[in-house]
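Undergrad: Provided herewith: target36.pdb, PDB, C-alpha atoms.
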```
ATOM      1  CA  MET Y   1      33.098 -92.843 -74.493
ATOM      2  CA  GLN Y   2      33.490 -90.131 -71.892
ATOM      3  CA  GLU Y   3      34.213 -90.885 -68.241
ATOM      4  CA  GLN Y   4      31.640 -89.554 -65.772
ATOM      5  CA  ILE Y   5      31.808 -88.707 -62.074
ATOM      6  CA  GLN Y   6      28.590 -87.851 -60.282
ATOM      7  CA  THR Y   7      27.572 -87.060 -56.707
ATOM      8  CA  ILE Y   8      24.098 -87.816 -55.465
ATOM      9  CA  CYS Y   9      22.320 -87.772 -52.138
ATOM     10  CA  THR Y  10      21.010 -90.770 -50.271
ATOM     11  CA  SER Y  11      17.905 -92.236 -51.992
ATOM     12  CA  SER Y  12      18.653 -90.247 -55.165
ATOM     13  CA  THR Y  13      19.641 -91.572 -58.604
ATOM     14  CA  ALA Y  14      22.329 -90.843 -61.170
ATOM     15  CA  GLN Y  15      22.046 -90.998 -64.944
ATOM     16  CA  LEU Y  16      25.051 -92.892 -66.382
ATOM     17  CA  HIS Y  17      26.104 -92.524 -69.994
ATOM     18  CA  ALA Y  18      28.459 -94.351 -72.363
ATOM     19  CA  SER Y  19      29.020 -94.044 -76.138
ATOM     20  CA  GLY Y  20      31.070 -95.378 -79.041
ATOM     21  CA  GLY Y  21      29.712 -98.889 -79.356
ATOM     22  CA  VAL Y  22      26.738-101.005 -80.282
ATOM     23  CA  THR Y  23      26.608-103.142 -77.156
ATOM     24  CA  TYR Y  24      27.206-102.189 -73.537
ATOM     25  CA  ILE Y  25      27.696-104.233 -70.399
ATOM     26  CA  TRP Y  26      27.710-102.506 -66.990
ATOM     27  CA  SER Y  27      28.797-103.887 -63.633
ATOM     28  CA  PRO Y  28      27.912-104.183 -60.870
ATOM     29  CA  SER Y  29      24.412-104.505 -62.218
ATOM     30  CA  ALA Y  30      22.402-104.840 -59.001
ATOM     31  CA  THR Y  31      21.710-101.119 -58.579
ATOM     32  CA  LEU Y  32      21.222-100.325 -62.299
ATOM     33  CA  SER Y  33      17.942 -99.988 -64.122
ATOM     34  CA  ASN Y  34      19.403-101.978 -67.084
ATOM     35  CA  ALA Y  35      22.978-103.228 -67.303
ATOM     36  CA  ASN Y  36      22.896-103.625 -71.117
ATOM     37  CA  ILE Y  37      22.063-100.148 -72.365
ATOM     38  CA  TYR Y  38      24.265 -97.127 -72.939
ATOM     39  CA  ASN Y  39      22.473 -94.924 -70.352
ATOM     40  CA  PRO Y  40      21.235 -96.851 -67.317
ATOM     41  CA  ILE Y  41      19.984 -95.178 -64.147
ATOM     42  CA  ALA Y  42      22.055 -95.944 -61.036
ATOM     43  CA  SER Y  43      20.587 -95.882 -57.529
ATOM     44  CA  PRO Y  44      23.380 -97.002 -55.201
ATOM     45  CA  ALA Y  45      22.999 -96.879 -51.417
ATOM     46  CA  SER Y  46      26.669 -96.020 -51.027
ATOM     47  CA  THR Y  47      29.482 -94.719 -53.196
ATOM     48  CA  THR Y  48      29.950 -97.163 -56.101
ATOM     49  CA  ILE Y  49      32.378 -97.501 -59.016
ATOM     50  CA  TYR Y  50      30.622 -98.721 -62.170
ATOM     51  CA  THR Y  51      32.524-100.269 -65.060
ATOM     52  CA  VAL Y  52      31.185-100.398 -68.607
ATOM     53  CA  THR Y  53      32.511-102.565 -71.460
ATOM     54  CA  VAL Y  54      31.679-101.230 -74.889
ATOM     55  CA  THR Y  55      31.830-103.251 -78.144
ATOM     56  CA  ASP Y  56      31.588-101.666 -81.576
ATOM     57  CA  ALA Y  57      30.395-103.129 -84.909
ATOM     58  CA  ASN Y  58      33.845-104.501 -85.662
ATOM     59  CA  GLY Y  59      34.052-106.403 -82.381
ATOM     60  CA  CYS Y  60      36.516-104.011 -80.817
ATOM     61  CA  THR Y  61      36.042-103.424 -77.091
ATOM     62  CA  ALA Y  62      36.954-100.810 -74.534
ATOM     63  CA  THR Y  63      36.210-100.274 -70.846
ATOM     64  CA  SER Y  64      35.800 -97.297 -68.586
ATOM     65  CA  SER Y  65      34.971 -96.705 -64.923
ATOM     66  CA  MET Y  66      32.459 -94.214 -63.529
ATOM     67  CA  THR Y  67      32.146 -93.268 -59.864
ATOM     68  CA  VAL Y  68      28.838 -92.333 -58.267
ATOM     69  CA  THR Y  69      29.473 -90.718 -54.871
ATOM     70  CA  VAL Y  70      26.623 -90.941 -52.386
ATOM     71  CA  SER Y  71      26.392 -88.092 -49.890
ATOM     72  CA  ALA Y  72      24.381 -88.483 -46.696
ATOM     73  CA  VAL Y  73      21.314 -86.385 -45.956
ATOM     74  CA  LEU Y  74      22.382 -83.048 -44.513
ATOM     75  CA  ALA Y  75      22.589 -82.657 -40.758
ATOM     76  CA  VAL Y  76      21.130 -79.189 -40.222
ATOM     77  CA  SER Y  77      21.335 -77.407 -36.886
ATOM     78  CA  ILE Y  78      19.931 -74.137 -35.515
ATOM     79  CA  SER Y  79      21.282 -71.955 -32.723
ATOM     80  CA  PRO Y  80      20.456 -70.981 -30.079
ATOM     81  CA  PRO Y  81      18.901 -74.398 -29.348
ATOM     82  CA  SER Y  82      15.970 -73.252 -27.153
ATOM     83  CA  PRO Y  83      15.372 -69.510 -27.539
ATOM     84  CA  ILE Y  84      13.050 -67.622 -25.178
ATOM     85  CA  ILE Y  85      11.905 -64.059 -25.787
ATOM     86  CA  CYS Y  86       9.420 -61.744 -24.136
ATOM     87  CA  ILE Y  87       6.488 -60.184 -25.990
ATOM     88  CA  GLY Y  88       7.931 -57.508 -28.239
ATOM     89  CA  GLY Y  89      11.411 -59.060 -28.110
ATOM     90  CA  SER Y  90      13.407 -60.812 -30.824
ATOM     91  CA  VAL Y  91      16.149 -63.399 -31.224
ATOM     92  CA  PRO Y  92      18.561 -64.151 -34.109
ATOM     93  CA  LEU Y  93      18.329 -67.729 -35.426
ATOM     94  CA  THR Y  94      21.363 -69.153 -37.262
ATOM     95  CA  ALA Y  95      21.276 -72.360 -39.336
ATOM     96  CA  SER Y  96      24.321 -74.376 -40.389
ATOM     97  CA  GLY Y  97      25.050 -77.473 -42.469
ATOM     98  CA  GLY Y  98      24.210 -76.221 -45.961
ATOM     99  CA  ILE Y  99      24.912 -73.346 -48.307
ATOM    100  CA  SER Y 100      21.341 -72.177 -48.907
ATOM    101  CA  TYR Y 101      18.399 -72.061 -46.519
ATOM    102  CA  ILE Y 102      14.634 -71.577 -46.626
ATOM    103  CA  TRP Y 103      12.684 -70.791 -43.435
ATOM    104  CA  SER Y 104       8.988 -71.262 -42.699
ATOM    105  CA  PRO Y 105       6.487 -70.078 -41.651
ATOM    106  CA  ALA Y 106       7.207 -66.482 -42.616
ATOM    107  CA  GLY Y 107       5.241 -64.961 -39.722
ATOM    108  CA  GLY Y 108       7.494 -63.177 -37.246
ATOM    109  CA  LEU Y 109      10.655 -63.609 -39.349
ATOM    110  CA  SER Y 110      12.816 -60.844 -40.768
ATOM    111  CA  ALA Y 111      13.414 -62.998 -43.885
ATOM    112  CA  THR Y 112      12.664 -66.494 -45.192
ATOM    113  CA  THR Y 113      16.077 -67.116 -46.770
ATOM    114  CA  GLY Y 114      19.640 -66.931 -45.533
ATOM    115  CA  ALA Y 115      21.642 -68.611 -42.804
ATOM    116  CA  THR Y 116      20.619 -66.062 -40.151
ATOM    117  CA  VAL Y 117      17.162 -64.579 -39.638
ATOM    118  CA  THR Y 118      15.613 -62.630 -36.767
ATOM    119  CA  ALA Y 119      12.500 -64.091 -35.132
ATOM    120  CA  SER Y 120      10.047 -61.879 -33.248
ATOM    121  CA  PRO Y 121       6.788 -63.858 -33.010
ATOM    122  CA  GLY Y 122       3.901 -62.669 -30.865
ATOM    123  CA  VAL Y 123       3.166 -66.227 -29.676
ATOM    124  CA  ALA Y 124       5.245 -69.376 -29.288
ATOM    125  CA  THR Y 125       6.128 -70.519 -32.824
ATOM    126  CA  THR Y 126       7.936 -73.529 -34.310
ATOM    127  CA  TYR Y 127      10.111 -72.673 -37.310
ATOM    128  CA  THR Y 128      11.526 -75.094 -39.907
ATOM    129  CA  VAL Y 129      14.644 -74.464 -41.978
ATOM    130  CA  SER Y 130      15.407 -76.518 -45.101
ATOM    131  CA  ALA Y 131      19.017 -76.527 -46.242
ATOM    132  CA  THR Y 132      20.755 -77.538 -49.484
ATOM    133  CA  ASN Y 133      24.464 -78.117 -50.062
ATOM    134  CA  ALA Y 134      26.645 -77.777 -53.137
ATOM    135  CA  THR Y 135      25.787 -81.286 -54.392
ATOM    136  CA  GLY Y 136      22.049 -80.775 -54.047
ATOM    137  CA  CYS Y 137      21.640 -82.763 -50.853
ATOM    138  CA  THR Y 138      18.967 -81.473 -48.520
ATOM    139  CA  GLY Y 139      18.105 -81.630 -44.866
ATOM    140  CA  SER Y 140      15.937 -79.782 -42.387
ATOM    141  CA  SER Y 141      15.612 -78.895 -38.739
ATOM    142  CA  THR Y 142      13.001 -77.252 -36.495
ATOM    143  CA  ILE Y 143      13.162 -74.933 -33.510
ATOM    144  CA  THR Y 144      10.527 -73.445 -31.213
ATOM    145  CA  VAL Y 145      10.746 -69.830 -30.085
ATOM    146  CA  THR Y 146       9.035 -69.625 -26.682
ATOM    147  CA  ILE Y 147       7.428 -66.484 -25.296
ATOM    148  CA  GLY Y 148       8.563 -65.774 -21.741
ATOM    149  CA  THR Y 149       6.822 -63.839 -18.976
ATOM    150  CA  SER Y 150       7.640 -60.447 -17.505
ATOM    151  CA  LEU Y 151      10.325 -60.402 -14.831
ATOM    152  CA  THR Y 152       9.541 -60.020 -11.132
ATOM    153  CA  VAL Y 153      12.036 -57.518  -9.767
ATOM    154  CA  ASP Y 154      12.462 -57.057  -5.985
ATOM    155  CA  VAL Y 155      14.540 -54.681  -3.865
ATOM    156  CA  SER Y 156      15.830 -55.256  -0.355
ATOM    157  CA  PRO Y 157      15.446 -53.868   2.195
ATOM    158  CA  ALA Y 158      11.804 -53.329   1.247
ATOM    159  CA  THR Y 159      11.203 -50.291   3.506
ATOM    160  CA  PRO Y 160      14.586 -48.650   4.165
ATOM    161  CA  THR Y 161      14.799 -45.782   6.660
ATOM    162  CA  VAL Y 162      17.863 -43.613   7.259
ATOM    163  CA  CYS Y 163      18.765 -40.504   9.191
ATOM    164  CA  SER Y 164      19.691 -37.374   7.304
ATOM    165  CA  GLY Y 165      23.298 -37.709   6.157
ATOM    166  CA  SER Y 166      23.291 -41.516   6.371
ATOM    167  CA  ASN Y 167      23.044 -44.080   3.553
ATOM    168  CA  VAL Y 168      21.602 -47.511   2.876
ATOM    169  CA  LEU Y 169      22.608 -50.341   0.514
ATOM    170  CA  LEU Y 170      19.811 -51.291  -1.928
ATOM    171  CA  THR Y 171      19.976 -54.702  -3.658
ATOM    172  CA  ALA Y 172      17.824 -55.631  -6.680
ATOM    173  CA  THR Y 173      17.078 -59.235  -7.675
ATOM    174  CA  GLY Y 174      15.097 -61.029 -10.394
ATOM    175  CA  ALA Y 175      16.909 -59.788 -13.521
ATOM    176  CA  THR Y 176      20.355 -59.601 -15.096
ATOM    177  CA  ASN Y 177      20.723 -55.884 -15.755
ATOM    178  CA  TYR Y 178      19.314 -52.995 -13.739
ATOM    179  CA  ILE Y 179      18.746 -49.269 -14.285
ATOM    180  CA  TRP Y 180      17.849 -47.023 -11.332
ATOM    181  CA  SER Y 181      16.179 -43.607 -11.310
ATOM    182  CA  PRO Y 182      16.210 -40.813 -10.330
ATOM    183  CA  ALA Y 183      19.977 -40.476  -9.999
ATOM    184  CA  THR Y 184      19.737 -38.062  -7.062
ATOM    185  CA  GLY Y 185      21.393 -39.507  -3.984
ATOM    186  CA  LEU Y 186      22.521 -42.732  -5.698
ATOM    187  CA  SER Y 187      26.079 -44.027  -5.935
ATOM    188  CA  SER Y 188      25.274 -45.387  -9.429
ATOM    189  CA  THR Y 189      22.288 -45.754 -11.761
ATOM    190  CA  THR Y 190      23.214 -49.263 -12.949
ATOM    191  CA  GLY Y 191      23.951 -52.551 -11.229
ATOM    192  CA  ALA Y 192      22.236 -54.842  -8.764
ATOM    193  CA  ASN Y 193      23.758 -53.123  -5.704
ATOM    194  CA  ILE Y 194      23.742 -49.361  -5.212
ATOM    195  CA  THR Y 195      24.063 -47.049  -2.219
ATOM    196  CA  ALA Y 196      21.305 -44.498  -1.596
ATOM    197  CA  ASN Y 197      22.030 -41.311   0.363
ATOM    198  CA  PRO Y 198      19.092 -38.993  -0.322
ATOM    199  CA  SER Y 199      18.683 -35.751   1.631
ATOM    200  CA  VAL Y 200      14.887 -36.132   1.733
ATOM    201  CA  THR Y 201      12.510 -39.071   1.488
ATOM    202  CA  THR Y 202      12.784 -40.358  -2.113
ATOM    203  CA  THR Y 203      11.074 -43.069  -4.149
ATOM    204  CA  TYR Y 204      13.417 -44.876  -6.555
ATOM    205  CA  SER Y 205      12.455 -47.004  -9.570
ATOM    206  CA  VAL Y 206      14.533 -49.932 -10.799
ATOM    207  CA  ASN Y 207      14.004 -51.465 -14.249
ATOM    208  CA  GLY Y 208      15.422 -54.959 -14.796
ATOM    209  CA  SER Y 209      16.043 -56.919 -17.992
ATOM    210  CA  ASP Y 210      17.559 -60.258 -19.021
ATOM    211  CA  PRO Y 211      19.310 -61.535 -22.181
ATOM    212  CA  SER Y 212      16.028 -62.804 -23.641
ATOM    213  CA  GLY Y 213      14.550 -59.289 -23.647
ATOM    214  CA  CYS Y 214      12.183 -59.787 -20.703
ATOM    215  CA  THR Y 215      11.744 -56.767 -18.444
ATOM    216  CA  GLY Y 216      10.242 -55.907 -15.081
ATOM    217  CA  SER Y 217      10.318 -53.035 -12.621
ATOM    218  CA  THR Y 218       9.572 -52.057  -9.052
ATOM    219  CA  THR Y 219       9.926 -49.089  -6.711
ATOM    220  CA  VAL Y 220      11.379 -48.584  -3.259
ATOM    221  CA  THR Y 221      10.986 -45.565  -0.970
ATOM    222  CA  VAL Y 222      13.925 -44.508   1.189
ATOM    223  CA  THR Y 223      12.514 -42.619   4.168
ATOM    224  CA  VAL Y 224      14.798 -39.913   5.560
ATOM    225  CA  ASN Y 225      14.314 -38.844   9.179
ATOM    226  CA  GLN Y 226      15.588 -35.372   9.980
ATOM    227  CA  LEU Y 227      17.634 -35.003  13.183
ATOM    228  CA  SER Y 228      15.991 -33.260  16.121
ATOM    229  CA  ALA Y 229      16.135 -33.484  19.884
ATOM    230  CA  SER Y 230      14.104 -32.344  22.856
ATOM    231  CA  ILE Y 231      14.636 -32.446  26.619
ATOM    232  CA  SER Y 232      12.357 -32.645  29.584
ATOM    233  CA  SER Y 233      13.194 -32.440  33.274
ATOM    234  CA  THR Y 234      11.853 -33.274  36.664
ATOM    235  CA  THR Y 235      13.313 -30.831  39.194
ATOM    236  CA  ASP Y 236      13.657 -31.305  42.919
ATOM    237  CA  ALA Y 237      13.471 -28.294  45.224
ATOM    238  CA  THR Y 238      16.731 -26.397  45.686
ATOM    239  CA  CYS Y 239      15.898 -23.974  48.447
ATOM    240  CA  GLY Y 240      18.011 -21.985  50.834
ATOM    241  CA  GLY Y 241      21.314 -22.910  49.330
ATOM    242  CA  THR Y 242      20.615 -26.591  49.685
ATOM    243  CA  ASN Y 243      21.778 -28.675  46.819
ATOM    244  CA  GLY Y 244      18.957 -30.101  44.743
ATOM    245  CA  SER Y 245      18.823 -32.376  41.709
ATOM    246  CA  ALA Y 246      17.098 -32.461  38.352
ATOM    247  CA  THR Y 247      16.459 -35.458  36.080
ATOM    248  CA  VAL Y 248      16.865 -34.338  32.465
ATOM    249  CA  THR Y 249      15.731 -36.644  29.582
ATOM    250  CA  ALA Y 250      16.785 -36.177  25.957
ATOM    251  CA  ILE Y 251      14.729 -37.602  23.060
ATOM    252  CA  GLY Y 252      16.107 -37.897  19.502
ATOM    253  CA  SER Y 253      14.224 -38.550  16.260
ATOM    254  CA  CYS Y 254      16.824 -40.819  14.600
ATOM    255  CA  SER Y 255      18.384 -44.091  15.584
ATOM    256  CA  PRO Y 256      21.004 -44.955  16.674
ATOM    257  CA  PHE Y 257      21.190 -42.067  19.133
ATOM    258  CA  ILE Y 258      24.375 -40.386  20.260
ATOM    259  CA  TYR Y 259      23.964 -37.635  22.855
ATOM    260  CA  THR Y 260      26.542 -35.056  23.925
ATOM    261  CA  TRP Y 261      25.710 -33.005  27.008
ATOM    262  CA  ASN Y 262      27.042 -29.555  27.749
ATOM    263  CA  THR Y 263      26.657 -28.082  31.216
ATOM    264  CA  VAL Y 264      26.387 -24.416  32.134
ATOM    265  CA  SER Y 265      27.009 -23.135  35.639
ATOM    266  CA  ILE Y 266      23.854 -21.555  36.993
ATOM    267  CA  SER Y 267      25.255 -20.710  40.407
ATOM    268  CA  ASN Y 268      28.539 -19.706  41.952
ATOM    269  CA  ASN Y 269      27.820 -22.250  44.634
ATOM    270  CA  SER Y 270      30.952 -24.222  45.294
ATOM    271  CA  ASN Y 271      28.926 -27.396  45.028
ATOM    272  CA  GLY Y 272      28.578 -26.933  41.221
ATOM    273  CA  ASN Y 273      25.473 -27.358  39.065
TER     274      ASN Y 273
END
```
I'd like the structure from this file rewritten - as structure tokens, please.
TA:
Amino acid sequence: MQEQIQTICTSSTAQLHASGGVTYIWSPSATLSNANIYNPIASPASTTIYTVTVTDANGCTATSSMTVTVSAVLAVSISPPSPIICIGGSVPLTASGGISYIWSPAGGLSATTGATVTASPGVATTYTVSATNATGCTGSSTITVTIGTSLTVDVSPATPTVCSGSNVLLTATGATNYIWSPATGLSSTTGANITANPSVTTTYSVNGSDPSGCTGSTTVTVTVNQLSASISSTTDATCGGTNGSATVTAIGSCSPFIYTWNTVSISNNSNGN
């Protein structure tokens, strides 16, 4: 008689076997198909040690113990737990809990076997993975890959205006990563916050993206006002050496305005300008 050790999964059965005698008595008998044959089928709910007593034709007896280990159904998990992608995007799905895996349905998957596959469905899809371990136990799990919407990217201020030589801070929102173009007049082409200092009115584009592969874009125009100034005057009469006065008004095209006045003597009159 040869000792046996078997491992089965929950709700499975094990084939026991004894030899060397003419009669056989197994115990415990409750989970055996027949306790008085040499090869009963065992269906224990938990790990059980079975003992068999064998008697030969001469009345000699011997005993042996056989262990049937019951392994629970596999707990299979998939990560990430709730993936979201945009149309045209993809996400890696990784299963754990077994040593071999089968995925279904095949649509939108890079493979149907293996612990890690890449999913790129065109519509929201629920995938199932069935796993098996070294003892033949199986388990399964499902996951739904959701299709997200395009990102709404905004820039503030919405209508920036600067004077020539000045700059303005532009802030993008609605995404995780940002790429700005053209690079002319920008402090950087990446990041949510950049400084724009264009020499002429320029329209910038910003493309945003997030970890799920969703994208969105918008534009913002930085208007550049060129500096210029003009003056106008209202002059009082200055006749016969009598001092007169003139009201002179300066007008600039950019704000804020800073004016510097220079005076030029137009007379040698001791009373000045």
Undergrad: On this structure, which residues satisfy the PyMOL selection byres ((chain Y and resi 13) around 6), written as a VMD selection string?
TA: chain Y and resid 12 14 42 to 43
Undergrad: Here's the selection I'm unsure about, the PyMOL selection byres ((chain Y and resi 178) around 6); applied to the file above, which residues does it give, as a PyMOL selection string?
TA: chain Y and resi 177+179+190-191+207-208
Undergrad: I need the residues from that last selection saved to file as a PDB file, in the frame of the given file (with C-alpha atoms), if you can.
TA:
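Resulting contents of selection.pdb:
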```pdb
ATOM      1  CA  ASN Y 177      20.723 -55.884 -15.755  1.00  0.00           C
ATOM      2  CA  ILE Y 179      18.746 -49.269 -14.285  1.00  0.00           C
ATOM      3  CA  THR Y 190      23.214 -49.263 -12.949  1.00  0.00           C
ATOM      4  CA  GLY Y 191      23.951 -52.551 -11.229  1.00  0.00           C
ATOM      5  CA  ASN Y 207      14.004 -51.465 -14.249  1.00  0.00           C
ATOM      6  CA  GLY Y 208      15.422 -54.959 -14.796  1.00  0.00           C
TER       7      GLY Y 208
END
```
Undergrad: Quick one: which residues end up in the PyMOL selection byres ((chain Y and resi 70) around 10) for this structure, as a ChimeraX atom specification?
TA: /Y:6-14,43-48,67-69,71-73,135,137
Undergrad: Kindly give the distance, in Å, that separates CA of Gly21 (chain Y) and CA of Ile37 (chain Y), rounded to a single decimal.
TA: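 Answer for the CA of Gly21 (chain Y) to CA of Ile37 (chain Y) separation: 10.4 Å.
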Undergrad: Could you state the separation of CA of Ala62 (chain Y) and CA of Val22 (chain Y) in Å, given to one decimal place?
TA: 11.7 Å
Undergrad: In terms of the shortest atom-to-atom distance over all atoms listed in the file, which of Y:Pro80, Y:Gly20, Y:Pro105, Y:Gly216 is closest to Tyr38 (chain Y)?
TA: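 So, comparing all the options, the nearest one is Y:Gly20.
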Undergrad: Of the candidates Y:Trp26, Y:Asn34, Y:Leu74, Y:Gly213, which shows the shortest atom-to-atom distance to Thr55 (chain Y), using all atoms listed in the file?
TA: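 So, comparing all the options, the nearest one is Y:Trp26.
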Undergrad: Contacts of Thr171 (chain Y) at 6 Å or less, counting all atoms listed in the file, minus same-chain residues fewer than 5 places along, as a PyMOL selection string?
TA: chain Y and resi 155-156+192-193
Undergrad: Y:Ile99, Y:Leu109, Y:Leu169, Y:Ile87: which is nearest Gly122 (chain Y), counting all atoms listed in the file?
TA: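 Using all atoms listed in the file, Gly122 (chain Y) sits closest to Y:Ile87.
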Undergrad: Just the number, please: distance in Å from CA of Ser199 (chain Y) to CA of Ser164 (chain Y), one decimal.
TA: 6.0 Å
Undergrad: Using all atoms listed in the file, which residues sit within 10 Å of Gly139 (chain Y) once same-chain residues fewer than 6 positions away are excluded, as a compact mmCIF listing (two decimals) with C-alpha atoms, in the frame of the given file?
TA:
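Final output, around17.txt:
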```txt
# COMPACT_ATOMS: atom_id res chain seq x y z
CA ALA Y 72 24.38 -88.48 -46.70
CA VAL Y 73 21.31 -86.38 -45.96
CA LEU Y 74 22.38 -83.05 -44.51
CA ALA Y 75 22.59 -82.66 -40.76
CA VAL Y 76 21.13 -79.19 -40.22
CA SER Y 77 21.34 -77.41 -36.89
CA GLY Y 97 25.05 -77.47 -42.47
CA GLY Y 98 24.21 -76.22 -45.96
CA TYR Y 101 18.40 -72.06 -46.52
CA VAL Y 129 14.64 -74.46 -41.98
CA SER Y 130 15.41 -76.52 -45.10
CA ALA Y 131 19.02 -76.53 -46.24
CA THR Y 132 20.76 -77.54 -49.48
CA ASN Y 133 24.46 -78.12 -50.06
```
